[in-house]
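Okay, my_file-v6.csv now, which holds CSV, N, CA, C and O atoms:
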chain,number,residue,atom,x,y,z
A,628,ASP,N,0.8,-1.2,0.0
A,628,ASP,CA,0.0,0.0,0.0
A,628,ASP,C,0.9,1.3,0.0
A,628,ASP,O,0.3,2.4,-0.1
A,629,TRP,N,2.2,1.1,0.1
A,629,TRP,CA,3.0,2.3,0.1
A,629,TRP,C,3.6,2.6,-1.2
A,629,TRP,O,4.2,3.6,-1.5
A,630,ILE,N,3.5,1.6,-2.2
A,630,ILE,CA,4.0,1.8,-3.5
A,630,ILE,C,2.9,2.4,-4.4
A,630,ILE,O,1.8,1.8,-4.5
A,631,ILE,N,3.2,3.5,-5.0
A,631,ILE,CA,2.2,4.1,-5.9
A,631,ILE,C,2.3,3.5,-7.4
A,631,ILE,O,1.4,3.2,-8.0
A,632,ALA,N,3.6,3.5,-7.8
A,632,ALA,CA,3.8,3.0,-9.2
A,632,ALA,C,5.2,2.4,-9.2
A,632,ALA,O,6.1,2.9,-8.6
A,633,PRO,N,5.5,1.4,-10.0
A,633,PRO,CA,4.5,0.7,-10.8
A,633,PRO,C,3.6,-0.2,-10.0
A,633,PRO,O,4.0,-0.7,-8.9
A,634,LYS,N,2.4,-0.5,-10.5
A,634,LYS,CA,1.5,-1.4,-9.9
A,634,LYS,C,2.0,-2.8,-9.9
A,634,LYS,O,1.8,-3.6,-9.1
A,635,ARG,N,2.7,-3.1,-11.0
A,635,ARG,CA,3.2,-4.4,-11.2
A,635,ARG,C,4.6,-4.3,-12.0
A,635,ARG,O,4.7,-3.3,-12.7
A,636,TYR,N,5.4,-5.3,-11.9
A,636,TYR,CA,6.6,-5.3,-12.7
A,636,TYR,C,7.1,-6.7,-12.9
A,636,TYR,O,6.8,-7.6,-12.0
A,637,LYS,N,7.8,-7.0,-14.0
A,637,LYS,CA,8.3,-8.3,-14.2
A,637,LYS,C,9.7,-8.4,-13.8
A,637,LYS,O,10.6,-7.8,-14.4
A,638,ALA,N,9.9,-9.1,-12.7
A,638,ALA,CA,11.2,-9.2,-12.0
A,638,ALA,C,12.2,-10.2,-12.8
A,638,ALA,O,13.4,-10.0,-12.8
A,639,ASN,N,11.6,-11.2,-13.4
A,639,ASN,CA,12.4,-12.3,-14.0
A,639,ASN,C,13.2,-13.0,-13.0
A,639,ASN,O,13.3,-12.6,-11.8
A,640,TYR,N,13.6,-14.2,-13.3
A,640,TYR,CA,14.5,-15.0,-12.4
A,640,TYR,C,15.3,-16.0,-13.1
A,640,TYR,O,15.0,-16.2,-14.3
A,641,CYS,N,16.3,-16.5,-12.5
A,641,CYS,CA,17.2,-17.5,-13.1
A,641,CYS,C,16.8,-18.9,-12.6
A,641,CYS,O,16.5,-19.1,-11.4
A,642,SER,N,16.9,-19.9,-13.4
A,642,SER,CA,16.6,-21.3,-13.0
A,642,SER,C,17.4,-22.2,-14.0
A,642,SER,O,17.8,-21.7,-15.1
A,643,GLY,N,17.5,-23.4,-13.6
A,643,GLY,CA,18.2,-24.4,-14.4
A,643,GLY,C,19.4,-24.9,-13.8
A,643,GLY,O,19.9,-24.4,-12.8
A,644,GLU,N,20.0,-25.9,-14.4
A,644,GLU,CA,21.2,-26.6,-13.9
A,644,GLU,C,22.4,-26.1,-14.7
A,644,GLU,O,22.3,-25.7,-15.8
A,645,CYS,N,23.5,-26.1,-14.0
A,645,CYS,CA,24.8,-25.8,-14.6
A,645,CYS,C,25.7,-27.1,-14.5
A,645,CYS,O,25.8,-27.7,-13.4
A,646,ASP,N,26.3,-27.4,-15.6
A,646,ASP,CA,27.1,-28.6,-15.6
A,646,ASP,C,28.4,-28.3,-14.9
A,646,ASP,O,28.8,-27.2,-14.7
A,647,TYR,N,29.1,-29.4,-14.5
A,647,TYR,CA,30.4,-29.3,-13.8
A,647,TYR,C,31.5,-28.8,-14.7
A,647,TYR,O,32.6,-28.5,-14.3
A,648,MET,N,31.3,-28.8,-16.0
A,648,MET,CA,32.3,-28.3,-17.0
A,648,MET,C,32.5,-26.8,-16.7
A,648,MET,O,33.6,-26.2,-16.9
A,649,HIS,N,31.5,-26.1,-16.1
A,649,HIS,CA,31.6,-24.7,-15.8
A,649,HIS,C,32.7,-24.5,-14.7
A,649,HIS,O,33.2,-23.4,-14.6
A,650,LEU,N,32.9,-25.5,-13.9
A,650,LEU,CA,33.9,-25.4,-12.8
A,650,LEU,C,35.3,-25.0,-13.4
A,650,LEU,O,36.1,-24.4,-12.7
A,651,GLN,N,35.6,-25.4,-14.6
A,651,GLN,CA,36.9,-25.1,-15.2
A,651,GLN,C,37.1,-23.6,-15.5
A,651,GLN,O,38.2,-23.1,-15.5
A,652,LYS,N,36.0,-22.9,-15.6
A,652,LYS,CA,36.0,-21.5,-15.9
A,652,LYS,C,36.5,-20.7,-14.7
A,652,LYS,O,37.2,-19.7,-14.9
A,653,TYR,N,36.1,-21.1,-13.5
A,653,TYR,CA,36.5,-20.4,-12.3
A,653,TYR,C,37.3,-21.3,-11.4
A,653,TYR,O,36.7,-22.2,-10.7
A,654,PRO,N,38.6,-21.1,-11.3
A,654,PRO,CA,39.4,-21.9,-10.4
A,654,PRO,C,39.0,-22.0,-9.0
A,654,PRO,O,39.1,-23.0,-8.3
A,655,HIS,N,38.5,-20.9,-8.4
A,655,HIS,CA,38.1,-20.8,-7.1
A,655,HIS,C,36.9,-21.8,-6.8
A,655,HIS,O,37.0,-22.6,-5.9
A,656,THR,N,35.9,-21.9,-7.7
A,656,THR,CA,34.8,-22.8,-7.6
A,656,THR,C,35.3,-24.2,-7.7
A,656,THR,O,34.9,-25.1,-6.9
A,657,HIS,N,36.3,-24.5,-8.6
A,657,HIS,CA,36.8,-25.8,-8.7
A,657,HIS,C,37.6,-26.3,-7.5
A,657,HIS,O,37.4,-27.4,-7.0
A,658,LEU,N,38.4,-25.4,-6.9
A,658,LEU,CA,39.1,-25.8,-5.6
A,658,LEU,C,38.2,-26.0,-4.5
A,658,LEU,O,38.3,-26.9,-3.7
A,659,VAL,N,37.1,-25.2,-4.3
A,659,VAL,CA,36.2,-25.3,-3.2
A,659,VAL,C,35.5,-26.7,-3.4
A,659,VAL,O,35.3,-27.4,-2.4
A,660,ASN,N,35.1,-27.0,-4.6
A,660,ASN,CA,34.4,-28.3,-4.8
A,660,ASN,C,35.3,-29.4,-4.5
A,660,ASN,O,34.9,-30.4,-4.0
A,661,LYS,N,36.6,-29.3,-4.9
A,661,LYS,CA,37.5,-30.4,-4.6
A,661,LYS,C,37.8,-30.6,-3.1
A,661,LYS,O,38.0,-31.7,-2.6
A,662,ALA,N,37.9,-29.5,-2.4
A,662,ALA,CA,38.2,-29.5,-1.0
A,662,ALA,C,37.1,-30.1,-0.2
A,662,ALA,O,37.3,-30.7,0.8
A,663,ASN,N,35.8,-29.9,-0.6
A,663,ASN,CA,34.7,-30.3,0.2
A,663,ASN,C,33.6,-30.7,-0.8
A,663,ASN,O,32.5,-30.1,-0.9
A,664,PRO,N,33.7,-31.9,-1.5
A,664,PRO,CA,32.8,-32.3,-2.5
A,664,PRO,C,31.3,-32.5,-1.9
A,664,PRO,O,30.4,-32.3,-2.6
A,665,ARG,N,31.2,-33.0,-0.7
A,665,ARG,CA,29.9,-33.3,-0.1
A,665,ARG,C,29.3,-32.0,0.4
A,665,ARG,O,28.1,-32.0,0.6
A,666,GLY,N,30.0,-31.0,0.7
A,666,GLY,CA,29.5,-29.8,1.3
A,666,GLY,C,29.1,-28.7,0.3
A,666,GLY,O,28.6,-27.7,0.7
A,667,THR,N,29.3,-28.9,-1.0
A,667,THR,CA,29.0,-27.9,-2.0
A,667,THR,C,27.9,-28.4,-2.9
A,667,THR,O,27.8,-29.6,-3.2
A,668,ALA,N,27.1,-27.5,-3.4
A,668,ALA,CA,26.0,-27.9,-4.3
A,668,ALA,C,26.5,-27.8,-5.7
A,668,ALA,O,25.7,-28.2,-6.6
A,669,GLY,N,27.7,-27.3,-6.0
A,669,GLY,CA,28.2,-27.2,-7.3
A,669,GLY,C,27.7,-25.9,-7.9
A,669,GLY,O,27.2,-25.0,-7.2
A,670,PRO,N,28.0,-25.7,-9.2
A,670,PRO,CA,27.7,-24.4,-9.8
A,670,PRO,C,26.1,-24.2,-9.9
A,670,PRO,O,25.4,-25.2,-10.0
A,671,CYS,N,25.7,-23.0,-9.8
A,671,CYS,CA,24.2,-22.8,-9.9
A,671,CYS,C,23.9,-21.6,-10.8
A,671,CYS,O,24.8,-20.7,-11.1
A,672,CYS,N,22.7,-21.6,-11.3
A,672,CYS,CA,22.3,-20.5,-12.2
A,672,CYS,C,21.9,-19.3,-11.4
A,672,CYS,O,21.2,-19.4,-10.4
A,673,THR,N,22.5,-18.2,-11.8
A,673,THR,CA,22.3,-16.9,-11.0
A,673,THR,C,22.3,-15.7,-11.9
A,673,THR,O,22.9,-15.8,-13.0
A,674,PRO,N,21.8,-14.6,-11.4
A,674,PRO,CA,21.8,-13.4,-12.3
A,674,PRO,C,23.2,-12.9,-12.5
A,674,PRO,O,24.0,-12.9,-11.6
A,675,THR,N,23.5,-12.5,-13.8
A,675,THR,CA,24.8,-12.0,-14.1
A,675,THR,C,24.6,-10.5,-14.6
A,675,THR,O,25.6,-9.8,-14.6
A,676,LYS,N,23.4,-10.1,-14.9
A,676,LYS,CA,23.1,-8.7,-15.2
A,676,LYS,C,21.7,-8.4,-14.8
A,676,LYS,O,20.8,-9.1,-15.0
A,677,MET,N,21.7,-7.2,-14.0
A,677,MET,CA,20.4,-6.8,-13.5
A,677,MET,C,20.2,-5.3,-13.8
A,677,MET,O,21.2,-4.6,-14.0
A,678,SER,N,19.0,-4.9,-13.9
A,678,SER,CA,18.7,-3.4,-14.2
A,678,SER,C,17.7,-2.9,-13.1
A,678,SER,O,17.0,-3.6,-12.5
A,679,PRO,N,17.7,-1.6,-13.0
A,679,PRO,CA,16.9,-0.9,-12.0
A,679,PRO,C,15.4,-0.7,-12.5
A,679,PRO,O,15.1,-0.9,-13.7
A,680,ILE,N,14.5,-0.4,-11.6
A,680,ILE,CA,13.2,0.1,-12.0
A,680,ILE,C,13.0,1.5,-11.4
A,680,ILE,O,13.6,1.8,-10.4
A,681,ASN,N,12.1,2.3,-12.0
A,681,ASN,CA,11.7,3.5,-11.5
A,681,ASN,C,10.5,3.3,-10.6
A,681,ASN,O,9.6,2.5,-11.0
A,682,MET,N,10.5,3.9,-9.4
A,682,MET,CA,9.4,3.7,-8.5
A,682,MET,C,8.9,5.0,-7.9
A,682,MET,O,9.7,5.9,-7.6
A,683,LEU,N,7.6,5.1,-7.7
A,683,LEU,CA,7.0,6.2,-7.0
A,683,LEU,C,6.3,5.6,-5.7
A,683,LEU,O,5.5,4.7,-5.8
A,684,TYR,N,6.7,6.1,-4.6
A,684,TYR,CA,6.3,5.5,-3.3
A,684,TYR,C,6.2,6.5,-2.2
A,684,TYR,O,6.8,7.6,-2.3
A,685,PHE,N,5.6,6.1,-1.1
A,685,PHE,CA,5.5,7.0,0.1
A,685,PHE,C,6.7,6.6,1.0
A,685,PHE,O,6.9,5.4,1.2
A,686,ASN,N,7.4,7.5,1.6
A,686,ASN,CA,8.5,7.2,2.5
A,686,ASN,C,7.8,7.2,3.9
A,686,ASN,O,6.6,7.3,4.1
A,687,GLY,N,8.7,7.1,5.0
A,687,GLY,CA,8.2,7.0,6.3
A,687,GLY,C,7.5,8.2,6.8
A,687,GLY,O,6.7,8.2,7.8
A,688,LYS,N,7.8,9.3,6.2
A,688,LYS,CA,7.1,10.6,6.6
A,688,LYS,C,5.9,10.9,5.7
A,688,LYS,O,5.4,12.0,5.7
A,689,GLU,N,5.4,9.9,5.0
A,689,GLU,CA,4.3,10.0,4.1
A,689,GLU,C,4.5,11.0,3.0
A,689,GLU,O,3.6,11.6,2.4
A,690,GLN,N,5.8,11.2,2.6
A,690,GLN,CA,6.1,12.1,1.4
A,690,GLN,C,6.2,11.2,0.2
A,690,GLN,O,6.6,10.0,0.3
A,691,ILE,N,5.8,11.7,-0.9
A,691,ILE,CA,5.9,10.9,-2.2
A,691,ILE,C,7.3,11.1,-2.7
A,691,ILE,O,7.8,12.2,-2.9
A,692,ILE,N,7.9,10.0,-3.0
A,692,ILE,CA,9.3,9.9,-3.5
A,692,ILE,C,9.3,9.2,-4.8
A,692,ILE,O,8.7,8.2,-5.0
A,693,TYR,N,10.1,9.8,-5.7
A,693,TYR,CA,10.4,9.1,-7.0
A,693,TYR,C,11.8,8.7,-7.0
A,693,TYR,O,12.7,9.5,-6.7
A,694,GLY,N,12.1,7.4,-7.2
A,694,GLY,CA,13.4,6.9,-7.1
A,694,GLY,C,13.7,5.8,-8.1
A,694,GLY,O,12.8,5.1,-8.6
A,695,LYS,N,15.0,5.6,-8.4
A,695,LYS,CA,15.4,4.5,-9.2
A,695,LYS,C,16.0,3.4,-8.3
A,695,LYS,O,17.0,3.7,-7.6
A,696,ILE,N,15.3,2.3,-8.2
A,696,ILE,CA,15.7,1.2,-7.3
A,696,ILE,C,16.6,0.2,-8.1
A,696,ILE,O,16.2,-0.4,-9.1
A,697,PRO,N,17.9,0.1,-7.7
A,697,PRO,CA,18.9,-0.7,-8.4
A,697,PRO,C,18.6,-2.2,-8.3
A,697,PRO,O,18.0,-2.7,-7.3
A,698,SER,N,19.0,-3.0,-9.3
A,698,SER,CA,19.0,-4.5,-9.3
A,698,SER,C,17.7,-5.1,-9.0
A,698,SER,O,17.5,-5.9,-8.1
A,699,MET,N,16.7,-4.6,-9.7
A,699,MET,CA,15.3,-5.1,-9.5
A,699,MET,C,14.8,-6.1,-10.6
A,699,MET,O,13.8,-6.8,-10.4
A,700,VAL,N,15.5,-6.1,-11.7
A,700,VAL,CA,15.0,-6.9,-12.9
A,700,VAL,C,16.2,-7.7,-13.4
A,700,VAL,O,17.3,-7.2,-13.6
A,701,VAL,N,16.1,-9.0,-13.4
A,701,VAL,CA,17.1,-9.9,-14.0
A,701,VAL,C,17.1,-9.8,-15.5
A,701,VAL,O,16.0,-10.1,-16.1
A,702,ASP,N,18.2,-9.4,-16.1
A,702,ASP,CA,18.3,-9.3,-17.5
A,702,ASP,C,19.1,-10.5,-18.2
A,702,ASP,O,18.8,-10.9,-19.3
A,703,ARG,N,20.0,-11.1,-17.4
A,703,ARG,CA,20.8,-12.1,-17.9
A,703,ARG,C,21.2,-13.1,-16.8
A,703,ARG,O,21.4,-12.7,-15.7
A,704,CYS,N,21.3,-14.4,-17.1
A,704,CYS,CA,21.6,-15.4,-16.2
A,704,CYS,C,22.9,-16.1,-16.6
A,704,CYS,O,23.2,-16.1,-17.8
A,705,GLY,N,23.6,-16.7,-15.7
A,705,GLY,CA,24.7,-17.5,-16.0
A,705,GLY,C,25.1,-18.4,-14.8
A,705,GLY,O,24.4,-18.4,-13.8
A,706,CYS,N,26.1,-19.2,-15.0
A,706,CYS,CA,26.5,-20.2,-14.0
A,706,CYS,C,27.6,-19.6,-13.1
A,706,CYS,O,28.5,-19.0,-13.6
A,707,SER,N,27.5,-19.9,-11.8
A,707,SER,CA,28.6,-19.5,-10.9
A,707,SER,C,28.8,-20.5,-9.9
A,707,SER,O,28.0,-21.3,-9.6
Written as structure tokens, that's how I'd like the structure from this file.
Amino acid sequence: DWIIAPKRYKANYCSGECDYMHLQKYPHTHLVNKANPRGTAGPCCTPTKMSPINMLYFNGKEQIIYGKIPSMVVDRCGCS
């Protein structure tokens, strides 16, 4: 009830599996996986690029604020 606009927005999300060949791209991930193979879930699909949205909302003092909120929309996904 404190957000005036947008009424809705499409946030997008990342999903899917990443193969273990991706471990070769990042040595840190490869070493962590080798050091504790049972304790790691392996590479996962995660946002690699995000963009902001413009929002019109009420702040705590009931003033109307127009602001750009960073990292609110997933634009691209990748494995990490």
Next item on the list: Have a look at A:Phe685, A:Ile680, A:Gly643, A:Thr675 and name the one nearest to A:Pro697; count only C-alpha atoms.
Entry: A:Ile680
Notebook entry, point to check: How many Å separate atom CA of A:Pro679 from atom CA of A:Tyr636?
Noted result: 11.2 Å
Notebook entry, point to check: Which residues, protein or nucleic acid, reach to within 7 Å of (21.1, -6.8, -16.7) in the file's coordinates when using only N, CA, C and O atoms, and can you give that as a list in words?
Noted result: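 All residues meeting the 7 Å criterion around (21.1, -6.8, -16.7) are Thr675, Lys676, Met677, Ser678, Val700, Val701, Asp702 and Arg703 of chain A.
Take atom CA of A:Cys672 and atom CA of A:Glu644: the distance between them is 6.4 Å.
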Next item on the list: May I ask for the distance between atom N of A:Asn681 and atom N of A:Cys706, given in Å to one decimal place?
Entry: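 One can read the atom N of A:Asn681 to atom N of A:Cys706 distance as 25.8 Å.
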Check: A:Cys704, A:Ala638, A:Ala662, A:Ile696: which is nearest A:Met682, counting all atoms listed in the file?
Finding: A:Ile696
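The closest residue to A:Leu683, picked from A:Pro633, A:Arg665, A:Ser642, A:Ser698 and counting only C-alpha atoms, is A:Pro633.
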Next item on the list: Return the single residue from A:Lys661, A:Tyr693, A:Asp646, A:Tyr684 that is closest to A:Ile630, with distances computed using only N, CA, C and O atoms.
Entry: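 Closest to A:Ile630 of all the choices is A:Tyr684.
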Next item on the list: Could you tell me which of A:Tyr640, A:Cys645, A:Arg635, A:Trp629 comes closest to A:Ile691 if we count all atoms listed in the file?
Entry: A:Trp629
